[in-house]
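Chemist: Handing over data-v2.pdb, PDB, C-alpha atoms and all ligand atoms.
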MODEL        1
ATOM      1  CA  MET A   1     -54.846-106.214 -32.968  1.00  0.00           C
ATOM      2  CA  PRO A   2     -53.423-102.694 -32.620  1.00  0.00           C
ATOM      3  CA  GLU A   3     -50.072-101.837 -34.116  1.00  0.00           C
ATOM      4  CA  CYS A   4     -47.196-100.658 -31.928  1.00  0.00           C
ATOM      5  CA  ALA A   5     -47.151 -96.848 -31.858  1.00  0.00           C
ATOM      6  CA  CYS A   6     -43.382 -96.655 -32.408  1.00  0.00           C
ATOM      7  CA  GLY A   7     -43.810 -97.390 -36.103  1.00  0.00           C
ATOM      8  CA  CYS A   8     -42.065-100.781 -36.084  1.00  0.00           C
ATOM      9  CA  GLY A   9     -45.122-102.425 -37.627  1.00  0.00           C
ATOM     10  CA  GLU A  10     -45.442-105.150 -34.986  1.00  0.00           C
ATOM     11  CA  GLU A  11     -48.743-105.894 -33.302  1.00  0.00           C
ATOM     12  CA  THR A  12     -49.461-105.378 -29.617  1.00  0.00           C
ATOM     13  CA  LYS A  13     -52.100-107.162 -27.558  1.00  0.00           C
ATOM     14  CA  ARG A  14     -53.714-104.130 -25.946  1.00  0.00           C
ATOM     15  CA  ALA A  15     -50.962-101.692 -25.075  1.00  0.00           C
ATOM     16  CA  LYS A  16     -49.914 -98.797 -27.295  1.00  0.00           C
ATOM     17  CA  PHE A  17     -46.308-100.004 -27.394  1.00  0.00           C
ATOM     18  CA  LEU A  18     -44.447-103.289 -27.247  1.00  0.00           C
ATOM     19  CA  ALA A  19     -42.152-103.533 -24.235  1.00  0.00           C
ATOM     20  CA  GLY A  20     -39.254-101.086 -24.600  1.00  0.00           C
ATOM     21  CA  HIS A  21     -40.567 -99.527 -27.806  1.00  0.00           C
ATOM     22  CA  GLU A  22     -41.808 -96.322 -26.155  1.00  0.00           C
ATOM     23  CA  GLN A  23     -38.246 -95.646 -25.010  1.00  0.00           C
ATOM     24  CA  LYS A  24     -36.962 -96.634 -28.464  1.00  0.00           C
ATOM     25  CA  LEU A  25     -39.257 -94.026 -30.057  1.00  0.00           C
ATOM     26  CA  ARG A  26     -38.155 -91.347 -27.562  1.00  0.00           C
ATOM     27  CA  LYS A  27     -34.520 -92.057 -28.396  1.00  0.00           C
ATOM     28  CA  GLN A  28     -35.184 -91.966 -32.157  1.00  0.00           C
ATOM     29  CA  LEU A  29     -37.020 -88.636 -31.902  1.00  0.00           C
ATOM     30  CA  ASP A  30     -34.286 -87.164 -29.730  1.00  0.00           C
ATOM     31  CA  GLU A  31     -31.602 -88.257 -32.216  1.00  0.00           C
ATOM     32  CA  LYS A  32     -33.582 -87.092 -35.276  1.00  0.00           C
ATOM     33  CA  MET A  33     -34.046 -83.654 -33.763  1.00  0.00           C
ATOM     34  CA  GLY A  34     -30.492 -83.340 -32.529  1.00  0.00           C
ATOM     35  CA  GLY A  35     -31.547 -82.909 -28.924  1.00  0.00           C
ATOM     36  CA  LEU A  36     -34.514 -82.670 -26.623  1.00  0.00           C
ATOM     37  CA  PRO A  37     -34.473 -78.831 -26.473  1.00  0.00           C
ATOM     38  CA  LEU A  38     -35.017 -78.671 -30.256  1.00  0.00           C
ATOM     39  CA  LEU A  39     -37.855 -81.173 -30.008  1.00  0.00           C
ATOM     40  CA  ALA A  40     -39.426 -79.014 -27.292  1.00  0.00           C
ATOM     41  CA  SER A  41     -39.092 -75.973 -29.577  1.00  0.00           C
ATOM     42  CA  LEU A  42     -40.799 -77.819 -32.428  1.00  0.00           C
ATOM     43  CA  VAL A  43     -43.689 -78.809 -30.156  1.00  0.00           C
ATOM     44  CA  LYS A  44     -43.972 -75.245 -28.869  1.00  0.00           C
ATOM     45  CA  VAL A  45     -44.174 -73.596 -32.317  1.00  0.00           C
ATOM     46  CA  THR A  46     -46.662 -76.140 -33.694  1.00  0.00           C
ATOM     47  CA  GLN A  47     -48.794 -75.640 -30.580  1.00  0.00           C
ATOM     48  CA  MET A  48     -48.709 -71.860 -31.058  1.00  0.00           C
ATOM     49  CA  TYR A  49     -49.795 -72.314 -34.675  1.00  0.00           C
ATOM     50  CA  ALA A  50     -52.614 -74.673 -33.649  1.00  0.00           C
ATOM     51  CA  GLN A  51     -53.805 -72.089 -31.127  1.00  0.00           C
ATOM     52  CA  ASP A  52     -53.817 -69.330 -33.787  1.00  0.00           C
ATOM     53  CA  ARG A  53     -50.964 -67.545 -32.044  1.00  0.00           C
ATOM     54  CA  MET A  54     -48.681 -67.814 -35.091  1.00  0.00           C
ATOM     55  CA  SER A  55     -49.132 -67.452 -38.850  1.00  0.00           C
ATOM     56  CA  LEU A  56     -48.383 -70.279 -41.266  1.00  0.00           C
ATOM     57  CA  GLU A  57     -45.517 -68.182 -42.619  1.00  0.00           C
ATOM     58  CA  GLY A  58     -44.121 -67.736 -39.100  1.00  0.00           C
ATOM     59  CA  LEU A  59     -44.457 -71.453 -38.412  1.00  0.00           C
ATOM     60  CA  GLY A  60     -42.619 -72.315 -41.623  1.00  0.00           C
ATOM     61  CA  ARG A  61     -39.798 -69.906 -40.833  1.00  0.00           C
ATOM     62  CA  LEU A  62     -39.346 -71.278 -37.292  1.00  0.00           C
ATOM     63  CA  VAL A  63     -39.566 -74.919 -38.367  1.00  0.00           C
ATOM     64  CA  ARG A  64     -36.815 -74.293 -40.923  1.00  0.00           C
ATOM     65  CA  LEU A  65     -34.689 -72.631 -38.220  1.00  0.00           C
ATOM     66  CA  ILE A  66     -35.265 -75.517 -35.799  1.00  0.00           C
ATOM     67  CA  TYR A  67     -34.215 -78.116 -38.392  1.00  0.00           C
ATOM     68  CA  GLN A  68     -31.271 -76.063 -39.566  1.00  0.00           C
ATOM     69  CA  LYS A  69     -28.110 -77.732 -38.366  1.00  0.00           C
ATOM     70  CA  ASP A  70     -24.553 -76.408 -38.141  1.00  0.00           C
TER      71      ASP A  70
HETATM   72 ZN    ZN B 101     -42.683-100.854 -31.848  1.00  0.00          ZN
ENDMDL
END
Please re-express this file's structure in structure tokens.

Modeler:
Amino acid sequence: MPECACGCGEETKRAKFLAGHEQKLRKQLDEKMGGLPLLASLVKVTQMYAQDRMSLEGLGRLVRLIYQKD
């Protein structure tokens, strides 16, 4: 049986998520990042790195900036 993709450790029958757990994961990610715009920025910079449009050094610098709070 597959495990729920939210990380809760519970098993699902066939679906990726247990009912409501996809939304739970979205909320957790949003809260961890401190907002959806920051999450979008993180996705954007990792995508640029994956596409060889950014150096590892550049990725590291931007990731630190994105996680920097206050
Ligand atoms: Zn779950």

Chemist: Just checking: using only C-alpha atoms and all ligand atoms, which residue out of A:Met33, A:Leu56, A:Met1, A:Cys8 ends up closest to ligand ZN 101 (chain B)?

Modeler: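 Smallest separation from ligand ZN 101 (chain B) among the options: A:Cys8.
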
Chemist: Could you tell me, as a list in words, exactly which residues end up selected when the PyMOL selection byres (((chain A and resi 42) around 12) and not hetatm) is applied to this structure?

Modeler: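 After applying the PyMOL selection byres (((chain A and resi 42) around 12) and not hetatm), what remains is Leu29, Asp30, Met33, Gly34, Gly35, Leu36, Pro37, Leu38, Leu39, Ala40, Ser41, Val43, Lys44, Val45, Thr46, Gln47, Met48, Tyr49, Leu59, Gly60, Arg61, Leu62, Val63, Arg64, Leu65, Ile66 and Tyr67 of chain A.
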
Chemist: So how far away is atom ZN of ligand ZN 101 (chain B) from CA of Gly9 in chain A, in Å?

Modeler: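 We find that CA of Gly9 in chain A and atom ZN of ligand ZN 101 (chain B) lie 6.5 Å from each other.
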
Chemist: Go through chain A residue by residue and, counting all atoms listed in the file, keep those with an atom at most 10 Å from ligand ZN 101 (chain B); for each kept residue give the shortest atom pair and its distance in Å to one decimal, ordered by chain and increasing number, as a Markdown table.

Modeler:
| residue | atom | partner | partner_atom | distance |
| --- | --- | --- | --- | --- |
| A:Glu3 | CA | B:ZN101 | ZN | 7.8 |
| A:Cys4 | CA | B:ZN101 | ZN | 4.5 |
| A:Ala5 | CA | B:ZN101 | ZN | 6.0 |
| A:Cys6 | CA | B:ZN101 | ZN | 4.3 |
| A:Gly7 | CA | B:ZN101 | ZN | 5.6 |
| A:Cys8 | CA | B:ZN101 | ZN | 4.3 |
| A:Gly9 | CA | B:ZN101 | ZN | 6.5 |
| A:Glu10 | CA | B:ZN101 | ZN | 6.0 |
| A:Glu11 | CA | B:ZN101 | ZN | 8.0 |
| A:Thr12 | CA | B:ZN101 | ZN | 8.4 |
| A:Lys16 | CA | B:ZN101 | ZN | 8.8 |
| A:Phe17 | CA | B:ZN101 | ZN | 5.8 |
| A:Leu18 | CA | B:ZN101 | ZN | 5.5 |
| A:Ala19 | CA | B:ZN101 | ZN | 8.1 |
| A:Gly20 | CA | B:ZN101 | ZN | 8.0 |
| A:His21 | CA | B:ZN101 | ZN | 4.8 |
| A:Glu22 | CA | B:ZN101 | ZN | 7.3 |
| A:Gln23 | CA | B:ZN101 | ZN | 9.7 |
| A:Lys24 | CA | B:ZN101 | ZN | 7.9 |
| A:Leu25 | CA | B:ZN101 | ZN | 7.8 |

Chemist: Complete range 14-43 of chain A at the level of N, CA and C atoms, written as a short mmCIF file (atom, residue, chain, number, x, y, z; two decimals), keeping the file's coordinate frame.

Modeler:
data_model
loop_
_atom_site.label_atom_id
_atom_site.label_comp_id
_atom_site.auth_asym_id
_atom_site.auth_seq_id
_atom_site.Cartn_x
_atom_site.Cartn_y
_atom_site.Cartn_z
N ARG A 14 -52.80 -105.21 -26.31
CA ARG A 14 -53.71 -104.13 -25.95
C ARG A 14 -52.98 -102.82 -25.74
N ALA A 15 -51.73 -102.90 -25.39
CA ALA A 15 -50.96 -101.69 -25.08
C ALA A 15 -50.64 -100.90 -26.34
N LYS A 16 -50.30 -99.63 -26.16
CA LYS A 16 -49.91 -98.80 -27.30
C LYS A 16 -48.57 -99.23 -27.87
N PHE A 17 -47.67 -99.65 -26.98
CA PHE A 17 -46.31 -100.00 -27.39
C PHE A 17 -45.95 -101.42 -26.96
N LEU A 18 -45.08 -102.06 -27.72
CA LEU A 18 -44.45 -103.29 -27.25
C LEU A 18 -43.45 -102.89 -26.16
N ALA A 19 -43.08 -103.84 -25.32
CA ALA A 19 -42.15 -103.53 -24.24
C ALA A 19 -40.86 -102.91 -24.77
N GLY A 20 -40.50 -101.76 -24.22
CA GLY A 20 -39.25 -101.09 -24.60
C GLY A 20 -39.37 -100.19 -25.82
N HIS A 21 -40.46 -100.29 -26.57
CA HIS A 21 -40.57 -99.53 -27.81
C HIS A 21 -40.91 -98.06 -27.59
N GLU A 22 -41.54 -97.73 -26.45
CA GLU A 22 -41.81 -96.32 -26.16
C GLU A 22 -40.48 -95.59 -25.96
N GLN A 23 -39.57 -96.24 -25.24
CA GLN A 23 -38.25 -95.65 -25.01
C GLN A 23 -37.46 -95.58 -26.32
N LYS A 24 -37.63 -96.60 -27.16
CA LYS A 24 -36.96 -96.63 -28.46
C LYS A 24 -37.42 -95.44 -29.31
N LEU A 25 -38.72 -95.16 -29.30
CA LEU A 25 -39.26 -94.03 -30.06
C LEU A 25 -38.73 -92.70 -29.50
N ARG A 26 -38.70 -92.57 -28.17
CA ARG A 26 -38.16 -91.35 -27.56
C ARG A 26 -36.72 -91.10 -28.01
N LYS A 27 -35.92 -92.16 -28.01
CA LYS A 27 -34.52 -92.06 -28.40
C LYS A 27 -34.40 -91.67 -29.87
N GLN A 28 -35.22 -92.29 -30.72
CA GLN A 28 -35.18 -91.97 -32.16
C GLN A 28 -35.55 -90.51 -32.41
N LEU A 29 -36.59 -90.02 -31.73
CA LEU A 29 -37.02 -88.64 -31.90
C LEU A 29 -35.93 -87.67 -31.43
N ASP A 30 -35.35 -87.98 -30.30
CA ASP A 30 -34.29 -87.16 -29.73
C ASP A 30 -33.12 -87.08 -30.71
N GLU A 31 -32.72 -88.23 -31.27
CA GLU A 31 -31.60 -88.26 -32.22
C GLU A 31 -31.94 -87.55 -33.53
N LYS A 32 -33.17 -87.75 -34.03
CA LYS A 32 -33.58 -87.09 -35.28
C LYS A 32 -33.55 -85.58 -35.15
N MET A 33 -33.97 -85.09 -33.98
CA MET A 33 -34.05 -83.65 -33.76
C MET A 33 -32.70 -83.06 -33.41
N GLY A 34 -31.78 -83.85 -32.95
CA GLY A 34 -30.49 -83.34 -32.53
C GLY A 34 -30.53 -82.80 -31.11
N GLY A 35 -31.49 -83.29 -30.33
CA GLY A 35 -31.55 -82.91 -28.92
C GLY A 35 -32.96 -82.61 -28.47
N LEU A 36 -33.19 -82.88 -27.21
CA LEU A 36 -34.51 -82.67 -26.62
C LEU A 36 -34.95 -81.20 -26.63
N PRO A 37 -34.04 -80.24 -26.42
CA PRO A 37 -34.47 -78.83 -26.47
C PRO A 37 -35.05 -78.44 -27.84
N LEU A 38 -34.49 -78.98 -28.93
CA LEU A 38 -35.02 -78.67 -30.26
C LEU A 38 -36.38 -79.31 -30.46
N LEU A 39 -36.55 -80.50 -29.93
CA LEU A 39 -37.85 -81.17 -30.01
C LEU A 39 -38.89 -80.35 -29.24
N ALA A 40 -38.52 -79.85 -28.09
CA ALA A 40 -39.43 -79.01 -27.29
C ALA A 40 -39.79 -77.75 -28.06
N SER A 41 -38.82 -77.16 -28.77
CA SER A 41 -39.09 -75.97 -29.58
C SER A 41 -40.07 -76.28 -30.69
N LEU A 42 -39.90 -77.42 -31.34
CA LEU A 42 -40.80 -77.82 -32.43
C LEU A 42 -42.23 -77.98 -31.91
N VAL A 43 -42.36 -78.63 -30.77
CA VAL A 43 -43.69 -78.81 -30.16
C VAL A 43 -44.29 -77.44 -29.82
#
